[in-house]
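Engineer: So that we are looking at the same thing, I have put the structure below in structure tokens.
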Amino acid sequence: MVEVRYFASIAEAVGKDCELIDLPAGSTLADLRKLLCDLYGEKLDKLLAVCAYIVGDELTRDLETSVTPRVDVLPPFAGG
């Protein structure tokens with residue numbers, strides 16, 4: 001099981017801040033992204049395409065990264 005935490009526009013798009021998702025051992029962020037699109041619809045793919053992910057303690061955009069027990073999905077944030 002992977003705890004997926006959503007922030008800002010992604011949380012709004014899926015209607016929740018976090019959830020537990022069952023993914024097989026060795027799954028990657030690409031696998032997670034495909035599953036999320038299957039669950040929430042293809043329009044989510046456009047949002048996920050610009051997201052960064054925190055996997056373990058590492059910030060990444062590499063979809064070949066193996067998931068850990070917790071993954072944070074971070075959309076781009078506006079800033080000044």
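Naming works like this for the structure tokens: A, B, ... for the chains as they're shown, residue 1 at the start of each chain, ligands 1 onward in shown order.
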What's around Asp17 (chain A) at 12 Å? Count only C-alpha atoms, leave out sequence neighbours fewer than 6 positions away in its own chain, and write the answer as a list in words.
Structural biologist: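 Those residues are Glu3, Val4, Arg5, Tyr6, Phe7, Ala8, Ser9, Ile10, Ala11, Asp72, Val73 and Leu74 of chain A.
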Engineer: Can you list, as number ranges by chain, every residue of chain A that DSSP puts in strand (DSSP E)?
Structural biologist: A: 2-6, 18-21, 52-55, 58-60, 70-74
Engineer: Determine, counting only C-alpha atoms, which protein, DNA and RNA residues have an atom within 10 Å of an atom of Asp22 (chain A); residues of the same chain fewer than 5 positions away are not included. Present the result as a PDB file with N, CA and C atoms, in the first residue's frame.
Structural biologist:
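This went into out.pdb:
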ATOM      1  N   MET A   1       0.842  -1.188   0.000  1.00  0.00           N
ATOM      2  CA  MET A   1       0.000   0.000   0.000  1.00  0.00           C
ATOM      3  C   MET A   1       0.880   1.241   0.000  1.00  0.00           C
ATOM      4  N   VAL A   2       0.436   2.216  -0.747  1.00  0.00           N
ATOM      5  CA  VAL A   2       1.142   3.489  -0.832  1.00  0.00           C
ATOM      6  C   VAL A   2       0.190   4.585  -0.368  1.00  0.00           C
ATOM      7  N   GLU A   3       0.646   5.413   0.570  1.00  0.00           N
ATOM      8  CA  GLU A   3      -0.121   6.588   0.960  1.00  0.00           C
ATOM      9  C   GLU A   3       0.230   7.693  -0.027  1.00  0.00           C
ATOM     10  N   LEU A  32       1.961   4.652 -10.949  1.00  0.00           N
ATOM     11  CA  LEU A  32       1.042   5.412 -10.103  1.00  0.00           C
ATOM     12  C   LEU A  32       0.253   6.405 -10.939  1.00  0.00           C
ATOM     13  N   LEU A  35      -2.432   4.665 -12.941  1.00  0.00           N
ATOM     14  CA  LEU A  35      -3.531   4.247 -12.077  1.00  0.00           C
ATOM     15  C   LEU A  35      -4.405   5.432 -11.684  1.00  0.00           C
TER      16      LEU A  35
END
Engineer: Residues at most 8 Å from region 52-67 of chain A, counting only C-alpha atoms, excluding those fewer than 2 positions away in the same chain, as a PyMOL selection string?
Structural biologist: chain A and resi 2+26-30+50+69-76
Engineer: Given the selection you just returned, output its residues as a file containing N, CA, C and O atoms, formatted as an mmCIF file, in the first residue's frame.
Structural biologist:
data_model
loop_
_atom_site.group_PDB
_atom_site.id
_atom_site.type_symbol
_atom_site.label_atom_id
_atom_site.label_comp_id
_atom_site.auth_asym_id
_atom_site.auth_seq_id
_atom_site.Cartn_x
_atom_site.Cartn_y
_atom_site.Cartn_z
ATOM 1 N N VAL A 2 0.436 2.216 -0.747
ATOM 2 C CA VAL A 2 1.142 3.489 -0.832
ATOM 3 C C VAL A 2 0.190 4.585 -0.368
ATOM 4 O O VAL A 2 -0.947 4.660 -0.845
ATOM 5 N N GLY A 26 7.742 -2.798 -6.536
ATOM 6 C CA GLY A 26 8.511 -2.424 -7.718
ATOM 7 C C GLY A 26 7.815 -1.428 -8.632
ATOM 8 O O GLY A 26 8.327 -1.089 -9.690
ATOM 9 N N SER A 27 6.638 -0.950 -8.234
ATOM 10 C CA SER A 27 5.914 0.024 -9.053
ATOM 11 C C SER A 27 6.672 1.346 -9.105
ATOM 12 O O SER A 27 7.375 1.714 -8.171
ATOM 13 N N THR A 28 6.483 2.060 -10.202
ATOM 14 C CA THR A 28 7.133 3.348 -10.411
ATOM 15 C C THR A 28 6.106 4.467 -10.375
ATOM 16 O O THR A 28 4.895 4.222 -10.352
ATOM 17 N N LEU A 29 6.606 5.693 -10.429
ATOM 18 C CA LEU A 29 5.699 6.843 -10.526
ATOM 19 C C LEU A 29 4.863 6.775 -11.799
ATOM 20 O O LEU A 29 3.709 7.203 -11.804
ATOM 21 N N ALA A 30 5.411 6.225 -12.869
ATOM 22 C CA ALA A 30 4.637 6.060 -14.100
ATOM 23 C C ALA A 30 3.435 5.142 -13.858
ATOM 24 O O ALA A 30 2.326 5.412 -14.337
ATOM 25 N N VAL A 50 2.587 18.097 -15.111
ATOM 26 C CA VAL A 50 3.378 19.236 -14.632
ATOM 27 C C VAL A 50 3.716 19.141 -13.149
ATOM 28 O O VAL A 50 4.284 20.064 -12.582
ATOM 29 N N PRO A 69 6.525 3.898 0.540
ATOM 30 C CA PRO A 69 5.236 3.837 1.245
ATOM 31 C C PRO A 69 4.456 5.161 1.261
ATOM 32 O O PRO A 69 3.259 5.162 1.515
ATOM 33 N N ARG A 70 5.123 6.296 0.995
ATOM 34 C CA ARG A 70 4.400 7.560 0.901
ATOM 35 C C ARG A 70 4.933 8.348 -0.283
ATOM 36 O O ARG A 70 6.134 8.486 -0.459
ATOM 37 N N VAL A 71 3.998 8.883 -1.080
ATOM 38 C CA VAL A 71 4.333 9.728 -2.224
ATOM 39 C C VAL A 71 3.485 10.984 -2.131
ATOM 40 O O VAL A 71 2.262 10.905 -1.966
ATOM 41 N N ASP A 72 4.129 12.143 -2.229
ATOM 42 C CA ASP A 72 3.412 13.418 -2.275
ATOM 43 C C ASP A 72 3.360 13.899 -3.719
ATOM 44 O O ASP A 72 4.363 13.847 -4.432
ATOM 45 N N VAL A 73 2.187 14.357 -4.140
ATOM 46 C CA VAL A 73 1.994 14.865 -5.501
ATOM 47 C C VAL A 73 1.860 16.375 -5.409
ATOM 48 O O VAL A 73 0.919 16.886 -4.804
ATOM 49 N N LEU A 74 2.822 17.078 -6.002
ATOM 50 C CA LEU A 74 2.906 18.538 -5.867
ATOM 51 C C LEU A 74 2.726 19.226 -7.210
ATOM 52 O O LEU A 74 3.599 19.133 -8.078
ATOM 53 N N PRO A 75 1.638 19.951 -7.392
ATOM 54 C CA PRO A 75 1.482 20.735 -8.608
ATOM 55 C C PRO A 75 2.402 21.962 -8.537
ATOM 56 O O PRO A 75 2.919 22.289 -7.475
ATOM 57 N N PRO A 76 2.616 22.631 -9.685
ATOM 58 C CA PRO A 76 3.422 23.854 -9.630
ATOM 59 C C PRO A 76 2.729 24.889 -8.726
ATOM 60 O O PRO A 76 1.507 24.977 -8.709
#
Engineer: Pick out the residues sitting within 12 Å of Lys34 (chain A), and hand them over as a PyMOL selection string; count only C-alpha atoms, and ignore anything fewer than 3 positions along from it in its own chain.
Structural biologist: chain A and resi 23+27-31+37-46+48-49+63
